[in-house]
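Peer 1: Contents of input.pdb (PDB, C-alpha atoms and all ligand atoms) are given next:
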MODEL        1
ATOM      1  CA  MET A   1     -81.438   8.436  43.949
ATOM      2  CA  ASN A   2     -79.625   5.459  42.536
ATOM      3  CA  LYS A   3     -76.145   4.269  43.392
ATOM      4  CA  ILE A   4     -74.469   6.123  40.543
ATOM      5  CA  THR A   5     -75.830   9.565  41.244
ATOM      6  CA  LEU A   6     -74.362  10.035  44.719
ATOM      7  CA  PRO A   7     -70.691   9.659  43.862
ATOM      8  CA  PHE A   8     -71.346  11.591  40.672
ATOM      9  CA  LEU A   9     -72.832  14.462  42.646
ATOM     10  CA  GLY A  10     -69.961  14.254  45.104
ATOM     11  CA  ALA A  11     -67.455  14.523  42.286
ATOM     12  CA  MET A  12     -69.350  17.410  40.734
ATOM     13  CA  THR A  13     -69.410  19.223  44.058
ATOM     14  CA  ALA A  14     -65.656  18.742  44.433
ATOM     15  CA  ILE A  15     -65.035  20.085  40.935
ATOM     16  CA  LEU A  16     -67.317  23.048  41.506
ATOM     17  CA  LEU A  17     -65.706  23.808  44.831
ATOM     18  CA  SER A  18     -62.186  23.663  43.466
ATOM     19  CA  GLY A  19     -63.171  25.855  40.529
ATOM     20  CA  CYS A  20     -65.025  28.384  42.620
ATOM     21  CA  GLN A  21     -62.697  28.879  45.547
ATOM     22  CA  ALA A  22     -63.065  32.293  47.036
ATOM     23  CA  PRO A  23     -60.020  34.275  45.910
ATOM     24  CA  SER A  24     -57.429  34.273  48.681
ATOM     25  CA  ASN A  25     -56.354  37.626  49.991
ATOM     26  CA  GLU A  26     -52.745  36.766  50.591
ATOM     27  CA  VAL A  27     -49.533  36.051  48.749
ATOM     28  CA  ASN A  28     -46.410  34.347  50.063
ATOM     29  CA  LEU A  29     -43.212  36.069  49.046
ATOM     30  CA  TYR A  30     -39.824  34.388  49.420
ATOM     31  CA  SER A  31     -37.441  37.283  49.308
ATOM     32  CA  ALA A  32     -33.680  37.592  49.157
ATOM     33  CA  ARG A  33     -33.970  41.338  49.567
ATOM     34  CA  LYS A  34     -33.776  43.046  52.939
ATOM     35  CA  GLU A  35     -37.270  43.090  54.415
ATOM     36  CA  ALA A  36     -36.925  46.553  55.939
ATOM     37  CA  LEU A  37     -36.136  47.944  52.497
ATOM     38  CA  ILE A  38     -39.052  46.396  50.628
ATOM     39  CA  LYS A  39     -41.629  46.736  53.423
ATOM     40  CA  PRO A  40     -42.898  50.214  52.423
ATOM     41  CA  LEU A  41     -43.415  48.897  48.923
ATOM     42  CA  LEU A  42     -45.294  45.803  50.068
ATOM     43  CA  ASP A  43     -47.440  47.911  52.404
ATOM     44  CA  GLN A  44     -48.361  50.052  49.428
ATOM     45  CA  PHE A  45     -49.322  46.927  47.468
ATOM     46  CA  THR A  46     -51.508  45.716  50.353
ATOM     47  CA  SER A  47     -53.269  49.049  50.715
ATOM     48  CA  GLU A  48     -54.002  49.182  46.971
ATOM     49  CA  SER A  49     -55.015  45.548  46.474
ATOM     50  CA  GLY A  50     -56.200  44.333  49.873
ATOM     51  CA  ILE A  51     -53.787  41.401  49.456
ATOM     52  CA  GLN A  52     -51.663  40.609  52.488
ATOM     53  CA  VAL A  53     -48.007  39.810  51.752
ATOM     54  CA  ASN A  54     -46.375  37.178  53.956
ATOM     55  CA  VAL A  55     -42.612  37.519  53.634
ATOM     56  CA  ILE A  56     -39.991  34.857  54.217
ATOM     57  CA  SER A  57     -36.570  36.490  53.999
ATOM     58  CA  SER A  58     -33.317  34.613  53.551
ATOM     59  CA  LYS A  59     -30.237  34.418  51.374
ATOM     60  CA  ALA A  60     -30.942  33.818  47.691
ATOM     61  CA  ASP A  61     -29.384  30.363  47.417
ATOM     62  CA  ALA A  62     -31.025  29.221  50.672
ATOM     63  CA  LEU A  63     -34.461  30.244  49.387
ATOM     64  CA  LEU A  64     -34.053  28.248  46.208
ATOM     65  CA  LYS A  65     -32.976  25.191  48.256
ATOM     66  CA  ARG A  66     -35.951  25.668  50.549
ATOM     67  CA  ILE A  67     -38.412  25.827  47.657
ATOM     68  CA  GLU A  68     -36.891  22.680  46.151
ATOM     69  CA  ASN A  69     -37.091  20.863  49.500
ATOM     70  CA  GLU A  70     -40.683  21.940  50.084
ATOM     71  CA  GLY A  71     -41.605  20.609  46.646
ATOM     72  CA  GLN A  72     -45.320  20.370  45.840
ATOM     73  CA  ASN A  73     -46.210  21.578  49.328
ATOM     74  CA  SER A  74     -44.267  24.818  49.145
ATOM     75  CA  PRO A  75     -46.378  27.766  50.272
ATOM     76  CA  ALA A  76     -44.167  30.073  48.169
ATOM     77  CA  ASP A  77     -45.942  32.094  45.467
ATOM     78  CA  VAL A  78     -43.192  34.469  44.376
ATOM     79  CA  LEU A  79     -39.397  34.279  44.556
ATOM     80  CA  LEU A  80     -37.749  37.697  44.615
ATOM     81  CA  THR A  81     -33.983  37.620  44.236
ATOM     82  CA  THR A  82     -30.974  39.380  42.784
ATOM     83  CA  ASP A  83     -28.896  38.580  39.713
ATOM     84  CA  ALA A  84     -30.060  37.149  36.407
ATOM     85  CA  GLY A  85     -27.640  34.277  37.041
ATOM     86  CA  ARG A  86     -29.604  33.276  40.141
ATOM     87  CA  LEU A  87     -32.956  33.742  38.395
ATOM     88  CA  HIS A  88     -31.654  31.430  35.686
ATOM     89  CA  ARG A  89     -30.629  28.872  38.327
ATOM     90  CA  ALA A  90     -34.176  28.952  39.686
ATOM     91  CA  LYS A  91     -35.538  28.531  36.179
ATOM     92  CA  SER A  92     -33.193  25.592  35.524
ATOM     93  CA  ALA A  93     -34.371  24.004  38.776
ATOM     94  CA  GLY A  94     -37.840  23.960  37.185
ATOM     95  CA  ILE A  95     -39.557  25.886  39.975
ATOM     96  CA  PHE A  96     -41.089  28.713  37.922
ATOM     97  CA  THR A  97     -44.159  28.903  35.746
ATOM     98  CA  SER A  98     -44.255  31.355  32.870
ATOM     99  CA  ILE A  99     -45.706  34.793  33.389
ATOM    100  CA  ASN A 100     -47.897  36.254  30.722
ATOM    101  CA  SER A 101     -48.824  39.814  31.463
ATOM    102  CA  GLU A 102     -49.424  42.633  29.040
ATOM    103  CA  LEU A 103     -48.564  45.187  31.716
ATOM    104  CA  ILE A 104     -45.223  43.532  32.481
ATOM    105  CA  ASN A 105     -44.378  43.099  28.800
ATOM    106  CA  ARG A 106     -45.173  46.756  28.200
ATOM    107  CA  ASN A 107     -43.297  48.139  31.226
ATOM    108  CA  ILE A 108     -40.224  45.924  31.404
ATOM    109  CA  PRO A 109     -37.919  45.812  28.349
ATOM    110  CA  SER A 110     -37.513  42.311  26.932
ATOM    111  CA  GLN A 111     -33.756  42.448  27.620
ATOM    112  CA  TYR A 112     -34.623  42.216  31.329
ATOM    113  CA  ARG A 113     -37.070  39.326  30.970
ATOM    114  CA  ASP A 114     -36.529  35.610  30.533
ATOM    115  CA  ALA A 115     -37.171  34.530  26.935
ATOM    116  CA  GLU A 116     -39.724  31.954  28.141
ATOM    117  CA  GLY A 117     -41.328  34.424  30.539
ATOM    118  CA  GLU A 118     -40.254  32.523  33.650
ATOM    119  CA  TRP A 119     -38.712  35.529  35.388
ATOM    120  CA  VAL A 120     -38.913  39.279  35.156
ATOM    121  CA  GLY A 121     -36.226  41.832  36.009
ATOM    122  CA  LEU A 122     -37.550  44.537  38.306
ATOM    123  CA  SER A 123     -34.522  46.722  39.019
ATOM    124  CA  VAL A 124     -31.239  47.229  37.241
ATOM    125  CA  ARG A 125     -27.804  47.215  38.819
ATOM    126  CA  VAL A 126     -24.620  48.378  37.137
ATOM    127  CA  ARG A 127     -21.117  47.096  37.785
ATOM    128  CA  PRO A 128     -18.715  49.740  36.532
ATOM    129  CA  ILE A 129     -15.095  50.539  37.366
ATOM    130  CA  MET A 130     -14.330  53.058  40.112
ATOM    131  CA  VAL A 131     -11.034  54.882  40.500
ATOM    132  CA  THR A 132      -9.254  57.105  43.005
ATOM    133  CA  GLU A 133      -7.735  60.428  41.838
ATOM    134  CA  GLU A 134      -4.503  58.563  41.219
ATOM    135  CA  GLY A 135      -6.367  55.803  39.401
ATOM    136  CA  LYS A 136      -7.702  58.287  36.854
ATOM    137  CA  GLU A 137      -4.237  58.498  35.354
ATOM    138  CA  PHE A 138      -4.440  54.973  33.994
ATOM    139  CA  GLY A 139      -6.946  56.131  31.398
ATOM    140  CA  ILE A 140      -9.202  53.123  31.905
ATOM    141  CA  SER A 141     -12.215  53.140  29.606
ATOM    142  CA  ARG A 142     -13.057  49.441  29.159
ATOM    143  CA  TYR A 143     -13.249  46.290  31.290
ATOM    144  CA  GLU A 144     -10.600  44.946  28.939
ATOM    145  CA  ASP A 145      -8.187  47.636  30.237
ATOM    146  CA  LEU A 146      -8.159  45.983  33.674
ATOM    147  CA  ALA A 147      -5.655  43.444  32.343
ATOM    148  CA  LYS A 148      -3.138  46.058  31.149
ATOM    149  CA  PRO A 149       0.348  45.580  32.641
ATOM    150  CA  GLN A 150       0.502  49.181  33.942
ATOM    151  CA  LEU A 151      -2.289  48.332  36.401
ATOM    152  CA  ASN A 152      -0.060  45.863  38.217
ATOM    153  CA  GLY A 153      -1.014  45.761  41.924
ATOM    154  CA  GLN A 154      -3.775  48.354  41.496
ATOM    155  CA  ILE A 155      -7.049  46.435  41.484
ATOM    156  CA  CYS A 156      -9.379  45.571  44.370
ATOM    157  CA  VAL A 157     -12.202  43.205  43.445
ATOM    158  CA  ARG A 158     -14.149  40.560  45.316
ATOM    159  CA  SER A 159     -13.890  36.811  44.935
ATOM    160  CA  SER A 160     -15.020  34.956  41.822
ATOM    161  CA  SER A 161     -17.209  32.767  44.024
ATOM    162  CA  ASN A 162     -19.609  35.703  44.041
ATOM    163  CA  ILE A 163     -22.152  35.708  41.255
ATOM    164  CA  TYR A 164     -21.566  39.399  40.400
ATOM    165  CA  ASN A 165     -18.135  38.670  38.911
ATOM    166  CA  GLN A 166     -19.410  35.453  37.363
ATOM    167  CA  SER A 167     -22.154  37.436  35.614
ATOM    168  CA  LEU A 168     -19.689  40.083  34.435
ATOM    169  CA  VAL A 169     -17.570  37.374  32.803
ATOM    170  CA  ALA A 170     -20.687  35.587  31.504
ATOM    171  CA  ALA A 171     -21.663  38.820  29.726
ATOM    172  CA  MET A 172     -18.140  39.178  28.317
ATOM    173  CA  LEU A 173     -18.321  35.583  27.043
ATOM    174  CA  ALA A 174     -21.201  36.700  24.844
ATOM    175  CA  VAL A 175     -18.809  38.926  22.860
ATOM    176  CA  SER A 176     -15.320  37.451  23.423
ATOM    177  CA  GLU A 177     -13.564  34.210  22.624
ATOM    178  CA  ALA A 178     -13.119  32.098  25.760
ATOM    179  CA  ASP A 179      -9.320  31.909  25.235
ATOM    180  CA  SER A 180      -8.789  35.640  25.041
ATOM    181  CA  LEU A 181     -11.171  36.202  27.925
ATOM    182  CA  GLU A 182      -9.216  33.740  30.030
ATOM    183  CA  ARG A 183      -6.026  35.654  29.237
ATOM    184  CA  TRP A 184      -7.853  38.810  30.320
ATOM    185  CA  ALA A 185      -8.958  37.231  33.609
ATOM    186  CA  THR A 186      -5.402  36.029  34.242
ATOM    187  CA  GLY A 187      -4.202  39.593  33.642
ATOM    188  CA  VAL A 188      -6.744  40.949  36.124
ATOM    189  CA  VAL A 189      -5.555  38.425  38.716
ATOM    190  CA  THR A 190      -1.968  39.561  38.131
ATOM    191  CA  ASN A 191      -3.064  43.165  38.643
ATOM    192  CA  MET A 192      -4.876  42.535  41.917
ATOM    193  CA  ALA A 193      -3.599  44.496  44.895
ATOM    194  CA  ARG A 194      -4.541  41.641  47.238
ATOM    195  CA  THR A 195      -6.209  38.254  47.314
ATOM    196  CA  PRO A 196      -9.954  38.838  46.818
ATOM    197  CA  GLN A 197     -11.722  39.326  50.125
ATOM    198  CA  GLY A 198     -14.909  40.955  51.388
ATOM    199  CA  GLY A 199     -17.831  42.378  49.475
ATOM    200  CA  ASP A 200     -18.090  45.307  47.076
ATOM    201  CA  ARG A 201     -18.159  47.862  49.925
ATOM    202  CA  ASP A 202     -14.888  46.472  51.237
ATOM    203  CA  GLN A 203     -13.208  47.115  47.891
ATOM    204  CA  ILE A 204     -14.314  50.752  48.046
ATOM    205  CA  ARG A 205     -13.007  51.025  51.622
ATOM    206  CA  ALA A 206      -9.701  49.415  50.616
ATOM    207  CA  ALA A 207      -9.187  51.981  47.849
ATOM    208  CA  ALA A 208      -9.818  54.787  50.343
ATOM    209  CA  THR A 209      -7.125  53.440  52.656
ATOM    210  CA  GLY A 210      -4.602  53.343  49.830
ATOM    211  CA  GLN A 211      -4.560  49.600  49.171
ATOM    212  CA  CYS A 212      -5.535  50.012  45.527
ATOM    213  CA  ASN A 213      -6.630  52.655  43.024
ATOM    214  CA  VAL A 214      -9.027  50.699  40.849
ATOM    215  CA  VAL A 215     -12.189  48.959  42.052
ATOM    216  CA  VAL A 216     -14.918  46.927  40.379
ATOM    217  CA  ALA A 217     -18.184  47.232  42.308
ATOM    218  CA  ASN A 218     -21.922  47.668  41.901
ATOM    219  CA  THR A 219     -23.001  51.299  42.029
ATOM    220  CA  TYR A 220     -25.734  50.827  44.655
ATOM    221  CA  TYR A 221     -23.027  50.112  47.260
ATOM    222  CA  LEU A 222     -21.290  53.366  46.400
ATOM    223  CA  ALA A 223     -24.585  55.276  46.445
ATOM    224  CA  ASN A 224     -25.569  53.710  49.749
ATOM    225  CA  MET A 225     -22.286  54.861  51.321
ATOM    226  CA  LEU A 226     -22.786  58.339  49.838
ATOM    227  CA  SER A 227     -26.323  58.526  51.215
ATOM    228  CA  ASN A 228     -25.285  58.318  54.844
ATOM    229  CA  GLU A 229     -23.013  61.204  55.805
ATOM    230  CA  GLU A 230     -23.184  60.166  59.458
ATOM    231  CA  ASN A 231     -21.001  57.174  58.674
ATOM    232  CA  THR A 232     -18.097  59.521  58.034
ATOM    233  CA  ASP A 233     -15.528  56.866  57.096
ATOM    234  CA  ASP A 234     -17.731  55.168  54.516
ATOM    235  CA  PHE A 235     -18.960  58.481  53.171
ATOM    236  CA  ALA A 236     -15.403  59.751  52.729
ATOM    237  CA  ALA A 237     -14.323  56.457  51.150
ATOM    238  CA  ALA A 238     -17.144  56.537  48.596
ATOM    239  CA  ASN A 239     -16.628  60.229  47.986
ATOM    240  CA  SER A 240     -12.974  59.655  47.095
ATOM    241  CA  LEU A 241     -13.878  57.469  44.106
ATOM    242  CA  SER A 242     -15.065  58.378  40.623
ATOM    243  CA  VAL A 243     -17.252  56.149  38.497
ATOM    244  CA  ILE A 244     -15.979  55.175  35.056
ATOM    245  CA  TRP A 245     -18.742  53.867  32.804
ATOM    246  CA  PRO A 246     -16.893  51.169  30.856
ATOM    247  CA  ASN A 247     -17.108  50.332  27.161
ATOM    248  CA  GLN A 248     -19.104  53.421  26.211
ATOM    249  CA  ASP A 249     -17.747  53.299  22.648
ATOM    250  CA  ASP A 250     -18.711  49.682  22.199
ATOM    251  CA  ARG A 251     -21.073  47.291  24.037
ATOM    252  CA  GLY A 252     -21.718  49.437  27.136
ATOM    253  CA  ALA A 253     -21.433  48.960  30.906
ATOM    254  CA  HIS A 254     -22.243  45.569  32.409
ATOM    255  CA  ILE A 255     -25.701  45.494  33.952
ATOM    256  CA  ASN A 256     -27.732  42.952  35.821
ATOM    257  CA  VAL A 257     -31.149  42.809  37.437
ATOM    258  CA  SER A 258     -32.960  41.860  40.564
ATOM    259  CA  GLY A 259     -36.167  40.131  39.630
ATOM    260  CA  ALA A 260     -38.951  37.745  40.424
ATOM    261  CA  GLY A 261     -40.749  34.660  39.214
ATOM    262  CA  VAL A 262     -44.040  32.948  40.024
ATOM    263  CA  LEU A 263     -43.670  29.471  41.475
ATOM    264  CA  LYS A 264     -45.100  26.553  39.506
ATOM    265  CA  THR A 265     -46.559  25.262  42.779
ATOM    266  CA  ALA A 266     -47.869  28.656  43.955
ATOM    267  CA  PRO A 267     -51.103  28.305  45.914
ATOM    268  CA  ASN A 268     -52.019  31.924  45.133
ATOM    269  CA  LYS A 269     -50.982  32.329  41.495
ATOM    270  CA  ASP A 270     -53.339  35.212  40.696
ATOM    271  CA  ASN A 271     -52.070  37.235  43.631
ATOM    272  CA  ALA A 272     -48.492  36.366  42.724
ATOM    273  CA  LEU A 273     -49.008  37.880  39.292
ATOM    274  CA  LYS A 274     -50.703  40.925  40.804
ATOM    275  CA  LEU A 275     -47.714  41.492  43.080
ATOM    276  CA  ILE A 276     -45.209  41.303  40.220
ATOM    277  CA  GLU A 277     -47.402  43.560  38.072
ATOM    278  CA  PHE A 278     -47.485  46.041  40.932
ATOM    279  CA  LEU A 279     -43.677  45.937  41.184
ATOM    280  CA  ALA A 280     -43.483  46.683  37.449
ATOM    281  CA  SER A 281     -45.802  49.708  37.726
ATOM    282  CA  ASP A 282     -44.481  53.265  37.455
ATOM    283  CA  LYS A 283     -44.886  54.170  41.094
ATOM    284  CA  ALA A 284     -43.430  50.941  42.451
ATOM    285  CA  GLN A 285     -40.556  51.074  39.976
ATOM    286  CA  GLU A 286     -39.442  54.378  41.396
ATOM    287  CA  MET A 287     -39.831  53.224  44.999
ATOM    288  CA  TYR A 288     -38.245  49.825  44.390
ATOM    289  CA  ALA A 289     -35.181  51.184  42.591
ATOM    290  CA  ASN A 290     -34.669  53.977  45.071
ATOM    291  CA  VAL A 291     -34.782  51.964  48.279
ATOM    292  CA  ASN A 292     -31.675  50.128  47.157
ATOM    293  CA  PHE A 293     -30.102  52.826  44.940
ATOM    294  CA  GLU A 294     -30.631  50.708  41.853
ATOM    295  CA  TYR A 295     -31.889  51.829  38.455
ATOM    296  CA  PRO A 296     -35.549  51.278  37.550
ATOM    297  CA  ALA A 297     -36.147  48.548  34.962
ATOM    298  CA  LYS A 298     -38.906  50.610  33.369
ATOM    299  CA  GLU A 299     -37.829  53.497  31.186
ATOM    300  CA  ASP A 300     -38.643  57.108  32.032
ATOM    301  CA  VAL A 301     -38.916  56.533  35.767
ATOM    302  CA  ALA A 302     -37.253  59.159  37.968
ATOM    303  CA  LEU A 303     -33.771  58.323  39.279
ATOM    304  CA  HIS A 304     -32.420  58.906  42.770
ATOM    305  CA  PRO A 305     -30.459  62.209  42.917
ATOM    306  CA  ILE A 306     -27.208  60.409  43.802
ATOM    307  CA  LEU A 307     -27.500  58.361  40.618
ATOM    308  CA  LEU A 308     -28.242  61.462  38.571
ATOM    309  CA  LYS A 309     -24.861  62.904  39.579
ATOM    310  CA  TRP A 310     -23.023  60.111  37.776
ATOM    311  CA  GLY A 311     -24.752  61.021  34.556
ATOM    312  CA  HIS A 312     -26.172  58.973  31.750
ATOM    313  CA  PHE A 313     -24.401  55.844  30.573
ATOM    314  CA  LYS A 314     -24.735  53.312  27.812
ATOM    315  CA  ALA A 315     -25.656  49.866  29.132
ATOM    316  CA  ASP A 316     -24.765  46.534  27.568
ATOM    317  CA  THR A 317     -27.783  45.369  25.580
ATOM    318  CA  VAL A 318     -27.073  41.642  25.864
ATOM    319  CA  SER A 319     -30.184  39.708  26.833
ATOM    320  CA  LEU A 320     -29.734  38.973  30.529
ATOM    321  CA  GLY A 321     -30.789  35.353  30.116
ATOM    322  CA  ILE A 322     -27.296  34.905  28.627
ATOM    323  CA  LEU A 323     -25.755  35.581  32.049
ATOM    324  CA  GLY A 324     -27.353  32.413  33.355
ATOM    325  CA  GLU A 325     -26.630  30.384  30.242
ATOM    326  CA  ASN A 326     -22.939  31.323  30.340
ATOM    327  CA  ASN A 327     -22.565  31.037  34.123
ATOM    328  CA  ALA A 328     -20.998  27.567  34.256
ATOM    329  CA  ASN A 329     -18.434  28.477  31.602
ATOM    330  CA  ALA A 330     -17.673  31.759  33.363
ATOM    331  CA  VAL A 331     -17.056  29.943  36.662
ATOM    332  CA  LYS A 332     -14.674  27.477  34.975
ATOM    333  CA  LEU A 333     -12.851  30.275  33.191
ATOM    334  CA  LEU A 334     -12.367  32.265  36.407
ATOM    335  CA  ASP A 335     -11.115  29.141  38.097
ATOM    336  CA  ARG A 336      -8.555  28.445  35.379
ATOM    337  CA  ALA A 337      -7.412  32.067  35.574
ATOM    338  CA  GLY A 338      -6.731  31.645  39.294
ATOM    339  CA  TRP A 339      -9.260  34.311  40.352
ATOM    340  CA  LYS A 340      -9.778  33.218  43.961
TER     341      LYS A 340
HETATM  342 FE    FE B   1     -25.334  43.228  46.305
ENDMDL
END
Give the structure from the file, written as C-alpha cells.
Ligand code: FE

Peer 2:
Amino acid sequence: MNKITLPFLGAMTAILLSGCQAPSNEVNLYSARKEALIKPLLDQFTSESGIQVNVISSKADALLKRIENEGQNSPADVLLTTDAGRLHRAKSAGIFTSINSELINRNIPSQYRDAEGEWVGLSVRVRPIMVTEEGKEFGISRYEDLAKPQLNGQICVRSSSNIYNQSLVAAMLAVSEADSLERWATGVVTNMARTPQGGDRDQIRAAATGQCNVVVANTYYLANMLSNEENTDDFAAANSLSVIWPNQDDRGAHINVSGAGVLKTAPNKDNALKLIEFLASDKAQEMYANVNFEYPAKEDVALHPILLKWGHFKADTVSLGILGENNANAVKLLDRAGWK
C-alpha cells in the first residue's frame, strides 16, 4: 500500500459508515402537550413501529428556547406544540426542516399545514363564544357582535398576552381593516366584566358565578369540564353555558391547530417523519383529538360524543399560516386597544 491509499481508504470507510448507519430505533419528542394525555398514543406508535419515543415535556415557549440553545447538538427530533402562531414562531426561528409526505398531504388538509411544509397541524381547536341563559338574549352571532354597546360589562375573556386571543385577532386581520378591528377590540375591552385574568376555564367559572354572561374560550376546556361529573362545580359551570358558533353566515368560527415539525438538526429524521405520519393516521387522529377533546385534523374521523352534542359548525377557512404571519400586528393592535 502506498501513502495515498491509507487515508483514502479511511475516508471511504467513514463515508460508508455514515451512509450505512443502522437505523436507530428511537425518536426524541419535545412536547408541549401533557405527557399523561399523549402517552397511550405514543405507546401505540412504539408497539406498531418498534421505535421508542423519548419525551421531554415542557411549556411551548420554553421548548423552543431550549432547542435554540441546544443548537446543532439538540437531541430533539420532533417539536409538538399548540397554536399555529407558535408553530410559525418555531418556523421563523429556523429550527424546522420541511416535511414531504404523501400520507400527511393526503390526510391533513392544506389549510392546516405550513405552505413550505415546515409544520403540520394534527388536531383542531375552536374558539367560539359561550353564553349563559341570560347571555342568549343578546342575540350574538358573530365575533364582531362582542363590541356592541349592549354587551357593556358582560364579557369574560383572558389576557391578550395569551396566544389564543392573538391568533383570533390575527385571523380577523385577514378579513378586516386594522383600523376597524382596533375599534372592535376597544369595544370588547369596554364590554369586559373585569380585567382579564386566568385561563379559559376561569372565564367559564366566572360566568357560572354570575360575573359575566358572555365568554370567549376554546371548546376543549368546556368539554373537559363536562367530561368529569365528579368535579361538580366545574361540571355545573360548563353545563350552564351554551356554545354559539360565530360567523356561520360568513367566514366561520375561528379555529387553530396543535401540530408538529421535524427539527432541522434531528438525529433521527426518518423516525421523526414516521411519528408524525402515525399521528396523521386515521386511528391516531381519533385518539389524539379525543384525549384532549379537540377536533381531528383529518376529515371523516369520529368525534367525541361531547363534541357531537354541539353539532356541526362552519370553520374559518383561512390558511392557518396567516395566524403566525399576522401575530405581531395582532399583538400591537390588542395593545393599542388596551386589552390587558
Ligand atoms: Fe389550551

Peer 1: Report as a PyMOL selection string the full result of the PyMOL selection byres (((chain A and resi 24) around 8) and not hetatm) when it is applied to this structure.

Peer 2: chain A and resi 22-23+25-26+268+271

Peer 1: Exactly which residues make up the result of the PyMOL selection byres (((chain A and resi 219-236) around 10) and not hetatm) on this file, given as a ChimeraX atom specification?

Peer 2: /A:124-130,199-202,204-205,208,216-218,237-243,289-295,304-307,310

Peer 1: Could those residues be written to a file, using C-alpha atoms, as a CSV table (one decimal), in the frame of the given file?

Peer 2:
chain,number,residue,atom,x,y,z
A,124,VAL,CA,-31.2,47.2,37.2
A,125,ARG,CA,-27.8,47.2,38.8
A,126,VAL,CA,-24.6,48.4,37.1
A,127,ARG,CA,-21.1,47.1,37.8
A,128,PRO,CA,-18.7,49.7,36.5
A,129,ILE,CA,-15.1,50.5,37.4
A,130,MET,CA,-14.3,53.1,40.1
A,199,GLY,CA,-17.8,42.4,49.5
A,200,ASP,CA,-18.1,45.3,47.1
A,201,ARG,CA,-18.2,47.9,49.9
A,202,ASP,CA,-14.9,46.5,51.2
A,204,ILE,CA,-14.3,50.8,48.0
A,205,ARG,CA,-13.0,51.0,51.6
A,208,ALA,CA,-9.8,54.8,50.3
A,216,VAL,CA,-14.9,46.9,40.4
A,217,ALA,CA,-18.2,47.2,42.3
A,218,ASN,CA,-21.9,47.7,41.9
A,237,ALA,CA,-14.3,56.5,51.2
A,238,ALA,CA,-17.1,56.5,48.6
A,239,ASN,CA,-16.6,60.2,48.0
A,240,SER,CA,-13.0,59.7,47.1
A,241,LEU,CA,-13.9,57.5,44.1
A,242,SER,CA,-15.1,58.4,40.6
A,243,VAL,CA,-17.3,56.1,38.5
A,289,ALA,CA,-35.2,51.2,42.6
A,290,ASN,CA,-34.7,54.0,45.1
A,291,VAL,CA,-34.8,52.0,48.3
A,292,ASN,CA,-31.7,50.1,47.2
A,293,PHE,CA,-30.1,52.8,44.9
A,294,GLU,CA,-30.6,50.7,41.9
A,295,TYR,CA,-31.9,51.8,38.5
A,304,HIS,CA,-32.4,58.9,42.8
A,305,PRO,CA,-30.5,62.2,42.9
A,306,ILE,CA,-27.2,60.4,43.8
A,307,LEU,CA,-27.5,58.4,40.6
A,310,TRP,CA,-23.0,60.1,37.8

Peer 1: Quick check, in Å to one decimal: how far apart do atom CA of A:Asp316 and atom CA of A:Thr195 lie?

Peer 2: 28.3 Å

Peer 1: Neighbouring residues of stretch 162-177 of chain A were defined as those with any atom within 6 Å, considering all atoms listed in the file; residues of the same chain fewer than 5 positions away were excluded. Please report them as a ChimeraX atom specification.

Peer 2: /A:323,326-327,330

Peer 1: Keeping only C-alpha atoms, take the residues you just selected and write them out as a PDB file, in the coordinates of the input.

Peer 2:
ATOM      1  CA  LEU A 323     -25.755  35.581  32.049  1.00  0.00           C
ATOM      2  CA  ASN A 326     -22.939  31.323  30.340  1.00  0.00           C
ATOM      3  CA  ASN A 327     -22.565  31.037  34.123  1.00  0.00           C
ATOM      4  CA  ALA A 330     -17.673  31.759  33.363  1.00  0.00           C
TER       5      ALA A 330
END

Peer 1: Report, in Å to a single decimal, how far apart atom CA of A:Val257 and atom CA of A:Asn329 are.

Peer 2: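 Here the two named atoms are 20.0 Å from each other.
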
Peer 1: Could you check the closest approach to ligand FE 1 (chain B) for each of A:Ala193, A:Lys65, A:Val120, A:Ala60 and tell me which residue wins, using all atoms listed in the file?

Peer 2: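 The shortest atom-to-atom distance to ligand FE 1 (chain B) comes from A:Ala60.
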
Peer 1: When you count all atoms listed in the file, which of these residues is closest to A:Val189: A:Gly121, A:Pro40, A:Gly338, A:Pro296?

Peer 2: A:Gly338

Peer 1: Report the distance between atom FE of ligand FE 1 (chain B) and atom CA of A:Thr82 in Å, rounded to one decimal place.

Peer 2: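 Interatomic distance here is 7.7 Å.
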
Peer 1: With distances taken over all atoms listed in the file, which of A:Arg158, A:Lys269, A:Lys309, A:Arg66 is nearest to ligand FE 1 (chain B)?

Peer 2: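 Smallest distance to ligand FE 1 (chain B) is found for A:Arg158.
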
Peer 1: With N, CA, C and O atoms as the target, complete stretch 210-215 of chain A and hand it back as a short mmCIF file (atom, residue, chain, number, x, y, z; two decimals), keeping the file's coordinate frame.

Peer 2:
data_model
loop_
_atom_site.label_atom_id
_atom_site.label_comp_id
_atom_site.auth_asym_id
_atom_site.auth_seq_id
_atom_site.Cartn_x
_atom_site.Cartn_y
_atom_site.Cartn_z
N GLY A 210 -5.84 53.37 50.60
CA GLY A 210 -4.60 53.34 49.83
C GLY A 210 -4.14 51.96 49.40
O GLY A 210 -3.02 51.80 48.92
N GLN A 211 -5.00 50.95 49.56
CA GLN A 211 -4.56 49.60 49.17
C GLN A 211 -4.61 49.38 47.67
O GLN A 211 -3.98 48.46 47.15
N CYS A 212 -5.39 50.18 46.98
CA CYS A 212 -5.54 50.01 45.53
C CYS A 212 -6.14 51.29 44.96
O CYS A 212 -6.65 52.12 45.71
N ASN A 213 -6.07 51.45 43.65
CA ASN A 213 -6.63 52.66 43.02
C ASN A 213 -7.76 52.36 42.05
O ASN A 213 -8.37 53.28 41.52
N VAL A 214 -8.00 51.08 41.82
CA VAL A 214 -9.03 50.70 40.85
C VAL A 214 -9.92 49.62 41.48
O VAL A 214 -9.41 48.64 42.03
N VAL A 215 -11.23 49.85 41.40
CA VAL A 215 -12.19 48.96 42.05
C VAL A 215 -13.26 48.56 41.04
O VAL A 215 -13.64 49.36 40.19
#
